[in-house]
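One file, model.tsv, is given below (TSV, C-alpha atoms).
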```tsv
chain	number	residue	atom	x	y	z
A	218	ALA	CA	120.86	79.88	83.54
A	219	VAL	CA	117.26	81.13	83.73
A	220	ALA	CA	117.36	82.03	80.02
A	221	SER	CA	118.76	78.61	79.13
A	222	ARG	CA	116.04	76.95	81.16
A	223	ALA	CA	113.39	78.94	79.32
A	224	VAL	CA	114.86	78.05	75.92
A	225	TRP	CA	114.95	74.38	76.91
A	226	GLN	CA	111.33	74.47	78.10
A	227	GLU	CA	110.23	76.16	74.88
A	228	ALA	CA	112.00	73.48	72.82
A	229	GLU	CA	110.31	70.78	74.91
A	230	GLN	CA	106.92	72.34	74.29
A	231	ARG	CA	107.51	72.53	70.53
A	232	TYR	CA	108.66	68.91	70.51
A	233	HIS	CA	105.54	67.77	72.36
A	234	ALA	CA	103.26	69.81	70.11
A	235	LEU	CA	104.78	68.25	67.00
A	236	VAL	CA	104.81	64.64	68.12
A	237	GLU	CA	101.43	64.64	69.85
A	238	TRP	CA	99.72	65.28	66.51
A	239	SER	CA	102.06	63.18	64.38
A	240	PRO	CA	100.33	60.36	62.43
A	241	ASN	CA	103.44	58.24	63.02
A	242	ALA	CA	104.02	56.45	66.30
A	243	ILE	CA	106.75	58.30	68.21
A	244	ALA	CA	108.32	57.11	71.43
A	245	VAL	CA	111.34	58.05	73.54
A	246	HIS	CA	113.36	55.60	75.59
A	247	ARG	CA	116.20	56.01	78.04
A	248	ASP	CA	118.31	53.20	79.46
A	249	GLY	CA	116.06	50.69	77.70
A	250	ARG	CA	112.76	51.98	79.17
A	251	LEU	CA	110.07	54.09	77.57
A	252	VAL	CA	109.78	57.62	78.93
A	253	TYR	CA	107.33	58.97	76.38
A	254	ALA	CA	104.74	57.64	73.91
A	255	ASN	CA	102.55	59.80	71.67
A	256	PRO	CA	98.87	59.00	70.97
A	257	ALA	CA	99.74	57.21	67.71
A	258	THR	CA	102.06	54.89	69.67
A	259	VAL	CA	99.31	54.22	72.21
A	260	ARG	CA	96.94	53.22	69.40
A	261	MET	CA	99.56	51.11	67.59
A	262	PHE	CA	100.32	48.98	70.65
A	263	GLY	CA	96.65	48.63	71.63
A	264	ALA	CA	97.01	50.56	74.90
A	265	THR	CA	94.31	52.75	76.43
A	266	SER	CA	96.72	55.47	77.54
A	267	ALA	CA	100.40	56.35	77.51
A	268	ASP	CA	100.60	55.30	81.18
A	269	GLU	CA	100.42	51.64	80.10
A	270	LEU	CA	103.59	52.12	78.07
A	271	VAL	CA	105.72	54.64	79.93
A	272	GLY	CA	108.20	52.88	82.22
A	273	LYS	CA	107.90	49.58	80.36
A	274	PRO	CA	111.15	47.97	79.12
A	275	ALA	CA	111.37	48.55	75.37
A	276	LEU	CA	112.33	44.93	74.72
A	277	GLU	CA	108.97	43.76	76.09
A	278	LEU	CA	107.40	45.33	73.01
A	279	VAL	CA	109.89	43.70	70.61
A	280	HIS	CA	109.46	40.25	69.06
A	281	PRO	CA	112.10	37.86	70.48
A	282	ASP	CA	113.54	37.30	67.00
A	283	PHE	CA	114.56	40.97	66.90
A	284	HIS	CA	115.94	41.39	70.46
A	285	ALA	CA	119.58	41.17	69.34
A	286	VAL	CA	119.07	43.68	66.53
A	287	VAL	CA	117.25	46.18	68.74
A	288	LEU	CA	119.83	45.90	71.53
A	289	ALA	CA	122.62	46.56	69.04
A	290	ARG	CA	120.79	49.63	67.71
A	291	MET	CA	120.21	50.95	71.24
A	292	ARG	CA	123.90	50.54	72.02
A	293	THR	CA	124.95	52.28	68.79
A	294	ALA	CA	122.55	55.20	69.33
A	295	HIS	CA	123.76	55.66	72.91
A	296	GLU	CA	127.50	55.32	72.27
A	297	GLN	CA	127.88	57.00	68.88
A	298	ARG	CA	125.08	59.56	69.26
A	299	THR	CA	124.21	59.16	65.61
A	300	ARG	CA	121.00	58.76	63.63
A	301	LEU	CA	120.28	55.13	62.71
A	302	PRO	CA	118.98	54.06	59.28
A	303	LEU	CA	115.46	52.81	58.56
A	304	LEU	CA	114.90	49.26	59.74
A	305	GLU	CA	112.02	46.85	59.41
A	306	GLU	CA	111.24	45.16	62.73
A	307	GLN	CA	108.57	43.00	64.27
A	308	LEU	CA	107.07	44.31	67.49
A	309	LEU	CA	104.41	43.01	69.86
A	310	LYS	CA	101.19	44.69	70.91
A	311	LEU	CA	100.22	44.57	74.56
A	312	ASP	CA	97.97	41.58	73.81
A	313	GLY	CA	100.93	39.75	72.21
A	314	ALA	CA	99.82	40.19	68.60
A	315	PRO	CA	102.81	40.73	66.28
A	316	ILE	CA	103.02	43.84	64.07
A	317	THR	CA	105.56	44.77	61.43
A	318	VAL	CA	106.91	48.32	61.57
A	319	GLU	CA	109.47	50.55	59.93
A	320	VAL	CA	111.67	52.21	62.56
A	321	LEU	CA	113.91	55.29	62.52
A	322	SER	CA	116.02	56.05	65.60
A	323	ALA	CA	118.00	59.14	66.56
A	324	PRO	CA	119.64	60.39	69.79
A	325	ILE	CA	117.98	63.42	71.43
A	326	VAL	CA	118.03	65.30	74.71
A	327	TYR	CA	114.68	64.80	76.44
A	328	ASP	CA	113.84	66.23	79.83
A	329	GLY	CA	117.47	67.28	80.11
A	330	GLN	CA	118.86	63.77	79.60
A	331	ALA	CA	120.30	61.77	76.72
A	332	CYS	CA	117.58	59.62	75.19
A	333	VAL	CA	116.69	57.92	71.91
A	334	HIS	CA	113.83	59.18	69.76
A	335	VAL	CA	112.06	56.38	67.83
A	336	SER	CA	109.66	56.98	64.94
A	337	MET	CA	107.58	53.97	63.87
A	338	ARG	CA	105.18	53.27	61.01
A	339	ASP	CA	102.93	50.20	61.13
A	340	ILE	CA	103.27	48.36	57.80
A	341	THR	CA	101.57	45.13	58.88
A	342	GLU	CA	98.71	45.43	56.39
A	343	GLN	CA	101.12	46.45	53.64
A	344	LYS	CA	103.32	43.40	54.32
A	345	GLN	CA	100.29	41.13	54.44
A	346	ALA	CA	99.11	42.52	51.10
A	347	GLU	CA	102.60	42.00	49.64
A	348	GLN	CA	102.71	38.43	50.96
A	349	LYS	CA	99.24	37.75	49.57
A	350	ALA	CA	100.23	39.18	46.18
A	351	GLN	CA	103.43	37.12	46.26
A	352	ALA	CA	101.44	33.99	47.15
A	353	ILE	CA	99.07	34.67	44.25
A	354	GLN	CA	102.00	35.16	41.88
A	355	THR	CA	103.60	31.95	43.12
A	356	SER	CA	100.31	30.11	42.68
A	357	LEU	CA	99.93	31.49	39.15
A	358	ARG	CA	103.49	30.49	38.26
A	359	GLU	CA	102.93	26.99	39.64
A	360	ALA	CA	99.64	26.70	37.74
A	361	ALA	CA	101.35	27.86	34.55
A	362	GLN	CA	104.17	25.36	35.07
A	363	HIS	CA	101.64	22.62	35.75
A	364	THR	CA	99.73	23.47	32.58
A	365	GLN	CA	102.92	23.69	30.53
A	366	THR	CA	104.07	20.31	31.86
A	367	ILE	CA	100.77	18.78	30.74
A	368	LEU	CA	101.04	20.43	27.32
A	369	ASP	CA	104.64	19.34	26.86
A	370	ASN	CA	103.71	15.72	27.57
A	371	MET	CA	100.79	15.60	25.15
A	372	LEU	CA	101.09	13.57	21.96
A	373	ASP	CA	99.28	16.26	19.98
A	374	GLY	CA	100.83	19.59	19.12
A	375	VAL	CA	99.30	22.57	20.92
A	376	ILE	CA	99.99	26.06	19.54
A	377	THR	CA	98.53	29.37	20.70
A	378	ILE	CA	98.66	32.56	18.66
A	379	ASN	CA	97.47	36.12	19.25
A	380	ALA	CA	95.26	38.28	17.05
A	381	GLN	CA	98.28	39.21	14.92
A	382	GLY	CA	99.08	35.57	14.20
A	383	LEU	CA	102.20	35.54	16.37
A	384	VAL	CA	102.99	32.36	18.30
A	385	GLU	CA	102.66	32.68	22.09
A	386	SER	CA	103.15	29.04	23.04
A	387	PHE	CA	104.47	26.00	21.20
A	388	ASN	CA	104.60	22.69	23.05
A	389	HIS	CA	107.15	19.89	22.59
A	390	ALA	CA	104.85	17.78	20.43
A	391	ALA	CA	104.41	20.69	18.02
A	392	GLY	CA	108.20	20.95	17.90
A	393	ARG	CA	108.51	17.26	16.99
A	394	ILE	CA	105.85	17.60	14.30
A	395	PHE	CA	107.20	20.71	12.58
A	396	GLY	CA	110.92	20.46	13.41
A	397	TYR	CA	111.15	23.78	15.28
A	398	SER	CA	112.01	24.34	18.94
A	399	SER	CA	109.68	26.35	21.16
A	400	ALA	CA	112.28	29.14	21.44
A	401	GLU	CA	112.51	29.39	17.65
A	402	MET	CA	108.76	29.74	17.19
A	403	LEU	CA	107.81	32.13	19.99
A	404	GLY	CA	106.99	35.52	18.50
A	405	ARG	CA	107.05	34.27	14.90
A	406	ASN	CA	104.07	34.30	12.56
A	407	ILE	CA	102.22	31.00	12.49
A	408	SER	CA	102.12	31.16	8.67
A	409	VAL	CA	105.68	29.79	8.56
A	410	LEU	CA	104.11	26.38	9.25
A	411	MET	CA	101.81	26.61	6.21
A	412	PRO	CA	102.44	25.89	2.51
A	413	GLU	CA	101.44	28.35	-0.18
A	414	PRO	CA	98.94	29.78	-0.98
A	415	HIS	CA	97.71	29.63	2.65
A	416	ARG	CA	100.94	31.16	3.97
A	417	SER	CA	100.42	34.39	2.04
A	418	ARG	CA	96.70	34.52	2.80
A	419	HIS	CA	96.77	33.77	6.54
A	420	ASN	CA	97.05	37.36	7.78
A	421	GLY	CA	94.05	38.16	5.57
A	422	TYR	CA	92.10	35.34	7.22
A	423	LEU	CA	92.79	36.84	10.66
A	424	ALA	CA	91.88	40.35	9.52
A	425	HIS	CA	88.62	39.04	8.03
A	426	HIS	CA	87.77	37.29	11.30
A	427	ALA	CA	88.51	40.48	13.27
A	428	ARG	CA	86.22	42.53	11.01
A	429	THR	CA	83.32	40.14	10.66
A	430	GLY	CA	83.62	37.64	13.50
A	431	GLU	CA	83.12	34.90	10.90
A	432	THR	CA	84.43	31.53	12.09
A	433	ARG	CA	85.20	29.33	9.10
A	434	VAL	CA	87.64	27.06	10.90
A	435	ILE	CA	87.03	27.66	14.62
A	436	GLY	CA	85.43	24.65	16.26
A	437	ARG	CA	85.47	22.66	13.00
A	438	PRO	CA	88.13	19.93	12.91
A	439	ARG	CA	89.56	19.44	9.44
A	440	GLU	CA	92.46	17.92	7.52
A	441	VAL	CA	95.01	20.32	6.05
A	442	GLN	CA	98.62	20.31	4.92
A	443	GLY	CA	101.43	21.49	7.15
A	444	GLN	CA	104.97	22.41	6.23
A	445	ARG	CA	107.94	21.23	8.23
A	446	ARG	CA	111.14	23.16	8.81
A	447	ASP	CA	112.84	21.27	5.96
A	448	GLY	CA	110.07	22.34	3.58
A	449	SER	CA	108.41	18.94	3.35
A	450	LEU	CA	104.61	18.81	3.37
A	451	PHE	CA	102.53	16.40	5.41
A	452	PRO	CA	98.83	15.80	6.15
A	453	MET	CA	97.62	16.88	9.56
A	454	SER	CA	94.42	17.13	11.54
A	455	LEU	CA	93.73	20.68	12.81
A	456	SER	CA	91.22	21.86	15.38
A	457	VAL	CA	91.09	25.57	16.31
A	458	SER	CA	89.34	27.18	19.27
A	459	ARG	CA	89.22	30.77	20.52
A	460	ILE	CA	89.35	32.32	23.98
A	461	ASP	CA	89.46	35.97	25.04
A	462	ARG	CA	92.23	37.19	27.34
A	463	CYS	CA	92.16	40.76	28.61
A	464	GLY	CA	89.69	41.59	25.85
A	465	GLN	CA	91.97	40.23	23.11
A	466	PRO	CA	91.38	37.00	21.14
A	467	ILE	CA	93.74	34.08	21.57
A	468	PHE	CA	93.56	31.16	19.14
A	469	ILE	CA	94.48	27.63	20.25
A	470	GLY	CA	95.38	25.10	17.60
A	471	LEU	CA	95.41	21.35	18.27
A	472	VAL	CA	97.57	19.63	15.66
A	473	ARG	CA	98.08	15.94	14.90
A	474	ASP	CA	100.37	14.48	12.24
A	475	ILE	CA	98.24	11.92	10.35
A	476	THR	CA	100.97	10.81	7.92
A	477	GLN	CA	101.14	7.36	9.50
A	478	SER	CA	97.37	7.10	9.60
A	479	ARG	CA	97.18	7.86	5.88
A	480	GLN	CA	99.88	5.31	5.16
A	481	ASP	CA	98.07	2.70	7.24
A	482	GLU	CA	94.82	3.40	5.37
A	483	GLU	CA	96.60	3.02	2.06
A	484	GLU	CA	98.19	-0.23	3.20
A	485	ILE	CA	94.79	-1.58	4.31
A	486	ARG	CA	93.32	-0.61	0.93
A	487	ARG	CA	96.21	-2.25	-0.91
A	488	LEU	CA	95.85	-5.47	1.05
A	489	ALA	CA	92.07	-5.46	0.48
A	490	TYR	CA	92.11	-4.86	-3.29
A	491	TYR	CA	95.44	-6.18	-4.60
A	492	ASP	CA	97.04	-9.60	-4.57
A	493	PRO	CA	99.97	-9.52	-2.10
A	494	LEU	CA	102.14	-11.70	-4.39
A	495	THR	CA	101.54	-10.27	-7.85
A	496	HIS	CA	100.22	-6.83	-6.77
A	497	LEU	CA	97.48	-7.23	-9.40
A	498	PRO	CA	93.86	-6.15	-8.71
A	499	ASN	CA	91.86	-8.94	-7.05
A	500	ARG	CA	88.24	-10.07	-7.33
A	501	ARG	CA	87.10	-7.66	-4.56
A	502	LEU	CA	88.33	-4.64	-6.54
A	503	LEU	CA	86.70	-6.01	-9.71
A	504	GLN	CA	83.39	-6.38	-7.90
A	505	GLU	CA	83.60	-2.85	-6.47
A	506	ARG	CA	84.40	-1.33	-9.89
A	507	LEU	CA	81.64	-3.37	-11.51
A	508	HIS	CA	79.14	-2.18	-8.91
A	509	LYS	CA	80.15	1.44	-9.54
A	510	ALA	CA	79.82	0.95	-13.31
A	511	ILE	CA	76.32	-0.52	-12.96
A	512	SER	CA	75.24	2.28	-10.63
A	513	SER	CA	76.59	4.87	-13.10
A	514	ALA	CA	74.74	3.23	-15.99
A	515	ASP	CA	71.50	3.25	-13.99
A	516	ARG	CA	71.87	6.97	-13.29
A	517	THR	CA	72.83	8.02	-16.83
A	518	GLY	CA	70.84	5.52	-18.87
A	519	GLN	CA	73.97	4.52	-20.77
A	520	HIS	CA	75.57	1.14	-21.30
A	521	GLY	CA	78.93	-0.27	-20.35
A	522	ALA	CA	81.00	-3.23	-21.33
```
As structure tokens, the full file:
Amino acid sequence: AVASRAVWQEAEQRYHALVEWSPNAIAVHRDGRLVYANPATVRMFGATSADELVGKPALELVHPDFHAVVLARMRTAHEQRTRLPLLEEQLLKLDGAPITVEVLSAPIVYDGQACVHVSMRDITEQKQAEQKAQAIQTSLREAAQHTQTILDNMLDGVITINAQGLVESFNHAAGRIFGYSSAEMLGRNISVLMPEPHRSRHNGYLAHHARTGETRVIGRPREVQGQRRDGSLFPMSLSVSRIDRCGQPIFIGLVRDITQSRQDEEEIRRLAYYDPLTHLPNRRLLQERLHKAISSADRTGQHGA
């Protein structure tokens, strides 16, 4: 009996030596009350000494939302004498401030009686960082959705490509203009929307820009020809701008189909210079041509009839 008592005391001393210096909060409870708390536990709960914790009902340090869970774990540890899996709980400091901890529980014999050993790690800051990161991600997703909604409801086509000429975004208006869906264009080379010879030369244009930084088209609106999915060509207004993202250039193209505008201009010209009934040139066209002929004769010194 004396030998057994000595062995038990030696085990108790080793246990205390290990847990006193443990960086994790370690506590022991029996019949729902704390009987031991190491220095890390004292610090975690905001106490000044272990005396403020020892004897306190364990549930007083547990957030009310987790009372049922903790009671069930206590009952399981006591009845089944088995180690319980890791659980994330919310506890309360002595001042009432909530903290989030990871908890491991296991039955032990402490001071000669059946108790439950609890190891806790404060993950409050980690959870707050995760929540903040999640909030940032949610905000970014909402901002991206908001931007995409605006782009998809624009009348002009908006297309972004990377430095390799591959399409990264393609709004609904661009789809209506060219006859492709956004899903069909993402990842494809933008040159598919160009007629020859520009289609074959486009990668060379990008390579030249990467080498020299020369900006022949960036920031200079111009009229060019586009090619629809069915192969038909049409006049369009194109404005290109550049931004840098993560050190890589991104090119944004603003596209407008000006087919109708060209047709309207032609109709205005026809109505201005041709008789609507006979479609023959009218006096206004004769006067314009005559003025041009006179101006040409003045410049060249030649005569006209």
### Message
Calculated over all atoms listed in the file, which of the candidates A:Arg393, A:Lys349, A:Lys273, A:Arg405 has the smallest distance to Asn370 in chain A?
### Response
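Distance minimum relative to Asn370 in chain A lands on A:Arg393.
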Under the rule of at most 12 Å, produce a per-residue listing of range 259-295 of chain A near range 330-340 of chain A: chain, number, name, the closest pair of atoms, and the distance in Å, as CSV, using all atoms listed in the file.
```
residue,atom,partner,partner_atom,distance
A:Val259,CA,A:Met337,CA,11.7
A:Arg260,CA,A:Asp339,CA,10.6
A:Met261,CA,A:Asp339,CA,7.3
A:Phe262,CA,A:Asp339,CA,9.9
A:Ala275,CA,A:Val335,CA,10.9
A:Val287,CA,A:Val335,CA,11.5
A:Arg290,CA,A:Val333,CA,10.2
A:Met291,CA,A:Val333,CA,7.8
A:Arg292,CA,A:Val333,CA,10.3
A:Thr293,CA,A:Val333,CA,10.5
A:Ala294,CA,A:Val333,CA,7.0
A:His295,CA,A:Val333,CA,7.5
```
### Message
So the first atom is CA of Pro302 in chain A and the second is CA of Ser266 in chain A; what is the distance between them in Å, to one decimal place?
### Response
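A separation of 28.8 Å between them.
Put simply, CA of Ala390 in chain A is 5.8 Å away from CA of Asp373 in chain A.
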Axis-aligned box for all listed atoms of range 423-432 of chain A, 8 Å per side, centre and edges in Å to one decimal, as JSON:
```
{"center_x": 88.0, "center_y": 37.0, "center_z": 10.8, "size_x": 25.7, "size_y": 27.0, "size_z": 21.5}
```
#### Entry: Contacts of Val409 in chain A within 9 Å, all atoms listed in the file, excl. fewer than 3 positions in-chain, as a ChimeraX atom specification
/A:405-406,412,416,444-446
For range 489-505 of chain A, supply N, CA, C and O atoms and report the output as a tab-separated table (two decimals), in the frame of the given file.
```tsv
chain	number	residue	atom	x	y	z
A	489	ALA	N	93.46	-5.07	0.74
A	489	ALA	CA	92.07	-5.46	0.48
A	489	ALA	C	91.80	-5.65	-1.01
A	489	ALA	O	91.01	-6.52	-1.39
A	490	TYR	N	92.46	-4.88	-1.87
A	490	TYR	CA	92.11	-4.86	-3.29
A	490	TYR	C	93.18	-5.38	-4.24
A	490	TYR	O	92.94	-5.48	-5.44
A	491	TYR	N	94.37	-5.71	-3.71
A	491	TYR	CA	95.44	-6.18	-4.60
A	491	TYR	C	96.05	-7.46	-4.06
A	491	TYR	O	96.16	-7.65	-2.85
A	492	ASP	N	96.42	-8.33	-4.96
A	492	ASP	CA	97.04	-9.60	-4.57
A	492	ASP	C	98.42	-9.32	-3.96
A	492	ASP	O	99.23	-8.61	-4.57
A	493	PRO	N	98.70	-9.83	-2.75
A	493	PRO	CA	99.97	-9.52	-2.10
A	493	PRO	C	101.19	-10.07	-2.82
A	493	PRO	O	102.29	-9.56	-2.66
A	494	LEU	N	101.00	-11.11	-3.68
A	494	LEU	CA	102.14	-11.70	-4.39
A	494	LEU	C	102.41	-11.01	-5.72
A	494	LEU	O	103.54	-10.59	-6.01
A	495	THR	N	101.36	-10.85	-6.50
A	495	THR	CA	101.54	-10.27	-7.85
A	495	THR	C	101.26	-8.78	-7.90
A	495	THR	O	101.59	-8.12	-8.88
A	496	HIS	N	100.60	-8.24	-6.83
A	496	HIS	CA	100.22	-6.83	-6.77
A	496	HIS	C	99.20	-6.46	-7.86
A	496	HIS	O	99.03	-5.28	-8.19
A	497	LEU	N	98.52	-7.49	-8.41
A	497	LEU	CA	97.48	-7.23	-9.40
A	497	LEU	C	96.13	-7.07	-8.70
A	497	LEU	O	95.93	-7.62	-7.61
A	498	PRO	N	95.19	-6.31	-9.31
A	498	PRO	CA	93.86	-6.15	-8.71
A	498	PRO	C	93.20	-7.51	-8.50
A	498	PRO	O	93.29	-8.39	-9.36
A	499	ASN	N	92.51	-7.66	-7.35
A	499	ASN	CA	91.86	-8.94	-7.05
A	499	ASN	C	90.37	-8.87	-7.34
A	499	ASN	O	89.85	-7.86	-7.82
A	500	ARG	N	89.67	-9.98	-7.03
A	500	ARG	CA	88.24	-10.07	-7.33
A	500	ARG	C	87.44	-9.00	-6.58
A	500	ARG	O	86.49	-8.45	-7.12
A	501	ARG	N	87.83	-8.66	-5.34
A	501	ARG	CA	87.10	-7.66	-4.56
A	501	ARG	C	87.11	-6.30	-5.26
A	501	ARG	O	86.09	-5.61	-5.31
A	502	LEU	N	88.26	-5.91	-5.82
A	502	LEU	CA	88.33	-4.64	-6.54
A	502	LEU	C	87.49	-4.70	-7.81
A	502	LEU	O	86.81	-3.72	-8.16
A	503	LEU	N	87.52	-5.86	-8.50
A	503	LEU	CA	86.70	-6.01	-9.71
A	503	LEU	C	85.23	-5.85	-9.38
A	503	LEU	O	84.49	-5.14	-10.07
A	504	GLN	N	84.80	-6.48	-8.29
A	504	GLN	CA	83.39	-6.38	-7.90
A	504	GLN	C	83.01	-4.94	-7.54
A	504	GLN	O	81.92	-4.47	-7.89
A	505	GLU	N	83.91	-4.24	-6.85
A	505	GLU	CA	83.60	-2.85	-6.47
A	505	GLU	C	83.50	-1.97	-7.70
A	505	GLU	O	82.57	-1.16	-7.82
```
